[in-house]
Structures are given as structure tokens and as C-alpha cells.
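**Student:** Before we start, here is the structure in question, set down as C-alpha cells.
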Amino acid sequence: MSGDTRHGVGVSPGTAVGPVVQVAPPVRPPADEPAPADAGAATDLVLEALASVAADLDDRAAAASEHARPILKATAMIARDKGLAKAAGKHVGAGLGPAHAIAAAVDEYAAQFEALGGYFAERVTDLRDVGNRAVAAVLGVPAPGVPVLTGPSVIVAEDLAPAETAALDRALVVAIVTEAGGRTSHTAILAAQMGIPAAVQVHGACAIPAGTTVAVDGDAGAVTLDPDLELLEAQRVRRERRAAALASVSGPGATRDGHAIALLANIGGVDDAVAAGAQDLEGVGLFRTEFVYLSAPTMPTVEEQAEVYRGVLAPFGSRRVVVRTLDAGADKPLAFADLGEEENPALGRRGLRLCQARPELIDSQLEALAIAARDTGADVRVMAPMVATVEEARWFASRVRAAGLPKAGVMIEVPAAALRSRHVLAEVDFGSLGTNDLAQYTMATDRMAGELSDLLDPWQPAVLDVVAAACAGGAWAGKPVGVCGESGGDPLLALVLAGLGVASLSMAPSKVPAVRYALSLHTHDECRALAELARGAATAAEAHEAVRAAAREELAAIL
Amino acid sequence: MSQRTVTIASSVGLHARPAALFVEAAQGTGLDVEIARAGEDPVDATSILGVMALGAKHGEEVVLTADGEGADAALETLVALLSRDLDAEEG
């Protein structure tokens, strides 16, 4: 018989079975660590810990990809640093235990780097990583972070940092399970992007012993310990039935009666573009350009940017690529465009607001995009993030046209822009609903606050009302409105959005086939009826349930 | 004791990869090499953290010192390294 099943939220579709690999949390030196009785022995312990960390990092560097190797080698160099060892030794001499001595030495260097700011401050993460690993080595507990994988594994963690998720080996990670996180957390978005089944908010996940075999259902959000043959067989049957159903339709997205809803991909870089370009979809609905800038110490030149954009555009041939201009600030600060600390970064100078303060940022980006569009012949459409007013939309459109690009649009992620979309969209060629931020701002709920994720449920009727208002304004202005948030990748919600009048749905490429299948089963009028049902419901749960019950049975069978 | 003054050519300053390359080269000399910003206390040139904490930016002058046999030749190598834009080079 199967062991117990833990329920969370499914955020990346698919099922998988494998042994659990626990990602250990960061370690802090124990508060009751005694002063060393023998300073010499304690210093040796510090040196051994640092040496073992350096050796471990060297091993990982040898096994790592070409991209990750220099980073790991540089980190190993920090672990082997004489200055760090000397500083820690000094703290041992002053009476600190070895774990505290390492932490204190790391704090000193971290403070120096932070004082230098910019690019130097970014290295603090690597330094702290070395410190955490050395402290773990002193204490004899597992090193924090994702361990080296030796075979197919289910990664289980409290939560994963974006960098940790991005560095996961796709060939070996069969599923991701976290205790924290939410539908729109970075882990969820990246997992879907990578096509790895994932469940978040799975209570008790971190207590599952390493090595336990678990079956993960990334649709239902269920994690079953020691699954029996019956469950595995049921999952296999469902997987095959789903695969057969999804393979039964292909080509451009459309409702059963032939109303076109373009199916597009959300991408974040050249690798994503190459992968998505090879798939059956109609182009890109959201190209996040931040990666071009986030790791750069200074503003990349126009030609450097154009080179990257050519690489992203080329895989799509004549298909459309909607490019979101630089969305920095808030949780994505730039080394070279820091406007200083803000009390409420999500409500501060982010997105287009940052670009209005530093117009040279957006002008060079638009110039680079124009060059890349000309060189590749791609159908490039640019849109600005965080637009709230008509003036902002007008400002952006004028800069886009000055750069010689044919189409300007705005993200609709601020409720103000949604409610006034008739006037905002009159200034531009199209709108795109960023449902993640739109929900955050409509519900006054931080996207990163996992414990508040019920408030961010995309089925919240208030959010659906705001989406409906944006679509109505778009229809009035005669401008198409699409969706590029996570909502568009949920087959049931996609039907509701189609019913509300959206012209396109953009999502992680792995989610496209199920959405295409869902649309093909329902007429546009049926979608409108489902949208009415959802908006008529009193709560998010009731809206979800009403649509699930009313949708066609063939769809329910694969969800 | 030998001493040389050189201007940092790397566009990001003496940081990350340029710093790592410099420290590796300093370690390779087998000598006690120190590096300082003009008028400031020198730091151990074989310590990656020390060199990075120096915070030497693009276009700033630093002073290298070394003692012992082959110190002059060793410093010439290091000066040549810092005079290149290490960050612009692939590898």
C-alpha cells in the first residue's frame, strides 16, 4: 500500500518518481559554542574546514558545465585564501569557537565588500557561501545548498533561490518540491520554464528522509511517499492518456469554433529562445530582457545588446517576438542604475519609472532591438513594464517610434492601467496582462509572501474583474490584449481568459499543449459562459470549482 | 626591494576574474608580493579577498612591491598583466 500523501500546490505539470535529495538550509554557528580550550587545535579545525570546502568546490568545478566552472573555481579560491584563514585564526586567538571565528572573519570581509558597493558587493554571496559551507564542515552537518547529484533525483527544499533553481541539472532533476514558495514564486516559474514537474507549499516536505522514493504530481501538487505499484500504474495510465490527448491537436491556438487565440512562449534568454523556437507555438509573448543587464557591471553597449537580441530573435523566423523592455528595480536591482534604497521597492521606481529617470537605458535598448530586428527580419513588438497612466504610455510609444520600431505596447499589471485601458491603449498598439503583478497590486499582497498565497490565487474574482475591465477597454479602443502571466498556462483559467476576450496567451512552453487542447474542446461562446460563471462566483475557490465542473469532461480527465 | 607603479586597465577594476588571474599569477611567482593603492597600506597580493577588498577601480594606480631573487622579473610580469583589459579577454 502507498505511504502517506502530502498535498501542496502544483506549479509545473507532469508526474515523476525518484529518490528524495534534501537541500540543506544555511547553517548558523551554535549560540552555545564554547570558547576553545586549545587554540591551536581550534585553529587546525578552522583550516581543515576551509580546506575541505575548497576541495569540495574544486570537485564540483570539475564536474560543472563550462558556464558554472569559473564561478566555482573562483569560489574555491576564496576558501583557500590566506587572509580569510588568518582572520579566522585571529578570532580563535581572541577566544571565539571555530564556527563563530569563521563567521566573524566572513562578516569582516563582507562588510568591506559591501562598503565598496556595485560589482564588489555582489561577491558577498560567494563569500557567504564559503563561510556557510565552512561552518557546516566544522559542525559536521551537511553542506548547505544543492548537493552534487549522482542520479535521477527529486529535489526537496524549504525554498530554492533563483540561482539555485537555474543551476539545477535538468538531466538529473526529475521533480522539485518545496515547503514554502507560491504559484508565482521564482522557483515555480523557473521549474515550469525548465519543464520539471514541481509542487510548492508541501507541508512536512523537509522532514521526508533523504533517499525516500516519492511520486510527485506537478498538476495536483501531491507528493506520495513510498508509492505502491497501483499508484505508479495509475500515474502511468494518466500520463499516457494525457500525452495522447495533447498530441491530438497541433498548430495555432483556436477555440472549437475556430476563434483564434495565439499561443506564445515566455522566455528569458537565448537558451530558452532556441528551445521554444523548436516547438509548436506561434512565437514569444514575453521576452524578459533583464538577463542582458543583471549580471553586467556597466551598461552593455548597443552592439553587445544587439548581438544577444539577434540570438533570441533568430530561432523564431517570421513569428512574433514581444519584448518587454528593461524591468529593473524592486527585487531586480541593477549595478549601474541604482537609484538608492526604497521603503517599498515594489511600489517605487521600477520598470518604466526607472527608465524615465534614466532615459539612456531605454534608448540604447530600443536602438539595439531595432538593429537586431532589421538584421533578422523578425516581427518584433516592444512593450513597457509598470505603466499606470496615459502619459507614461505616450512617453514610451514616442521613444519606440523614434527608434524606428513598428509596434509599441504596454504591460497591464497596475490596476490603474487595467481600469483605464481604453485610454491607455489608445496610445499604443497592444496591451499584455501581467497577471502575477496585477494580482499582487489588486490584492495588496506581496508575490514573494508564500503564506499569503491564497490571496494571490489567480481565481480571485476581484482579479478576474480587473482583467475583464482591461479587455473591455481594449475592445473599445480596438487594440488586442494578451496575457503573459502564469494564469495563461492554466488550462481552465485559459478558457476563462479567452471568454473575457484576450487575443493571446503566453506561458512556459511546457504548458502550451494542455492549453491548446482545452481551447480546442470549447467554443468561444462556451468560454464566455465559463467566464460569466467565474465572475459570478463569490470566492476564488467557488470560481475555480464552478469552471472545473462546467468544463468538458475530456478536459477534466487529463487535469 | 623592488617596486612598480601600474594603472589598472580592466574595465571592471581589479575584481572577480581579473582579480583571480592576478592573484594566481602572484602566487605563481613564489615571492612575497604586496599591492597597495597610492598612499594606502599594502595588502598581500596572493590573497584574493585582500586584493578584492582593495577595491582598485579601472584607471587607478596601484603600487606593487616584492622581495627576493627574481623580484624584478616577477613584477614585470604582473605589471604587464594589470596593463591589459583582462575582462575583455575570453577564456
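Simple scheme: letters A, B, ... for chains in C-alpha cells order, numbers from 1 for residues in each chain, numbers from 1 for ligands in the order shown.
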Quick one: everything within 12 Å of B:Glu69, counting only C-alpha atoms, minus sequence neighbours fewer than 4 positions away in the same chain. Send it as a list in words.
**Tutor:**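 Close residues of B:Glu69: Met1, Ser2, Thr29, Gly30, Leu31, Asp32, Ala73, Ala74 and Leu75 of chain B.
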**Student:** Residues of chain A within 9 Å of chain B, counting only C-alpha atoms - could you list those as a ChimeraX atom specification?
**Tutor:** /A:70-71,74,77-78,80-84,109,112-113,116,119-120,123,127,297-298
**Student:** Which neighbours of B:Glu60 fall inside 8 Å, counting only C-alpha atoms, when residues of the same chain fewer than 2 positions from it are skipped, and could you give them as a list in words?
**Tutor:** Thr7, Ile8, Arg37, Ala56, Lys57, His58 and Val62 of chain B
**Student:** Could you write out the selected residues, including C-alpha atoms, as a compact mmCIF listing (two decimals), in the first residue's frame?
**Tutor:**
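The resulting result-v3.txt:
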```txt
# COMPACT_ATOMS: atom_id res chain seq x y z
CA THR B 7 47.41 51.70 -13.90
CA ILE B 8 44.55 49.19 -13.77
CA ARG B 37 46.62 51.86 -3.71
CA ALA B 56 41.04 49.20 -7.14
CA LYS B 57 38.95 50.60 -9.98
CA HIS B 58 39.61 50.99 -13.69
CA VAL B 62 48.48 50.67 -7.71
```
**Student:** Leaving out B:Phe22 and any residue of its chain fewer than 6 positions from it, which residues lie within 8 Å of it when counting only C-alpha atoms, given as a list in words?
**Tutor:**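 My list of contacting residues is Leu78, Leu81 and Leu82 of chain B.
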**Student:** Kindly indicate which residue among B:Arg84, B:Asp72, B:Thr77, B:Gly59 lies nearest to B:Ala25, using only C-alpha atoms for the distances.
**Tutor:**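 Smallest distance to B:Ala25 is found for B:Thr77.
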**Student:** Compile the contact shell of stretch 428-432 of chain A as a list in words: residues with an atom at most 6 Å away, counting only C-alpha atoms, same-chain residues fewer than 2 positions apart removed.
**Tutor:**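 In the requested format, the answer is Ala408, Gly409, Val410, Met411, Ile412, Leu425, Ala426, Lys479, Pro480, Val481, Gly482 and Val483 of chain A.
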**Student:** Within 10 Å of A:Asp280, counting only C-alpha atoms, which residues show up once you throw out same-chain ones fewer than 6 positions away? Write them as a list in words, please.
**Tutor:**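 Once the adjacent positions are removed, what remains is Ser250, Gly251, Pro252, Leu263, Leu264, Pro509, Val512 and Pro513 of chain A.
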**Student:** Could you dump the residues just selected with N, CA and C atoms as a tab-separated table (two decimals), in the first residue's frame?
**Tutor:**
```tsv
chain	number	residue	atom	x	y	z
A	250	SER	N	-2.75	20.24	-32.78
A	250	SER	CA	-1.49	20.93	-33.01
A	250	SER	C	-1.78	22.21	-33.78
A	251	GLY	N	-0.74	23.00	-33.96
A	251	GLY	CA	-0.89	24.22	-34.76
A	251	GLY	C	-1.40	25.39	-33.94
A	252	PRO	N	-1.75	26.48	-34.64
A	252	PRO	CA	-2.18	27.70	-33.95
A	252	PRO	C	-3.35	27.45	-33.00
A	263	LEU	N	-1.01	31.17	-29.19
A	263	LEU	CA	-0.32	30.51	-28.09
A	263	LEU	C	1.17	30.83	-28.20
A	264	LEU	N	1.68	31.48	-27.16
A	264	LEU	CA	3.03	32.03	-27.20
A	264	LEU	C	3.86	31.57	-26.00
A	509	PRO	N	6.70	27.24	-22.22
A	509	PRO	CA	6.39	26.40	-23.38
A	509	PRO	C	5.83	25.03	-23.00
A	512	VAL	N	1.96	24.87	-23.06
A	512	VAL	CA	1.19	25.18	-24.28
A	512	VAL	C	0.28	24.02	-24.72
A	513	PRO	N	0.76	22.77	-24.79
A	513	PRO	CA	-0.10	21.71	-25.33
A	513	PRO	C	-1.42	21.54	-24.58
```
**Student:** Give the answer as one residue: which of A:Leu352, A:Val308, A:Ala557, A:Leu405 has the shortest atom-to-atom distance to A:Ala388, using only C-alpha atoms?
**Tutor:** A:Leu352
**Student:** Skip A:Pro458 itself and residues of its chain fewer than 6 positions away, then list as a count of residues only all residues within 12 Å of it, counting only C-alpha atoms.
**Tutor:** 34
**Student:** What's the separation between atom CA of A:Ala39 and atom CA of A:Leu57, in Å to one decimal place?
**Tutor:** 27.1 Å
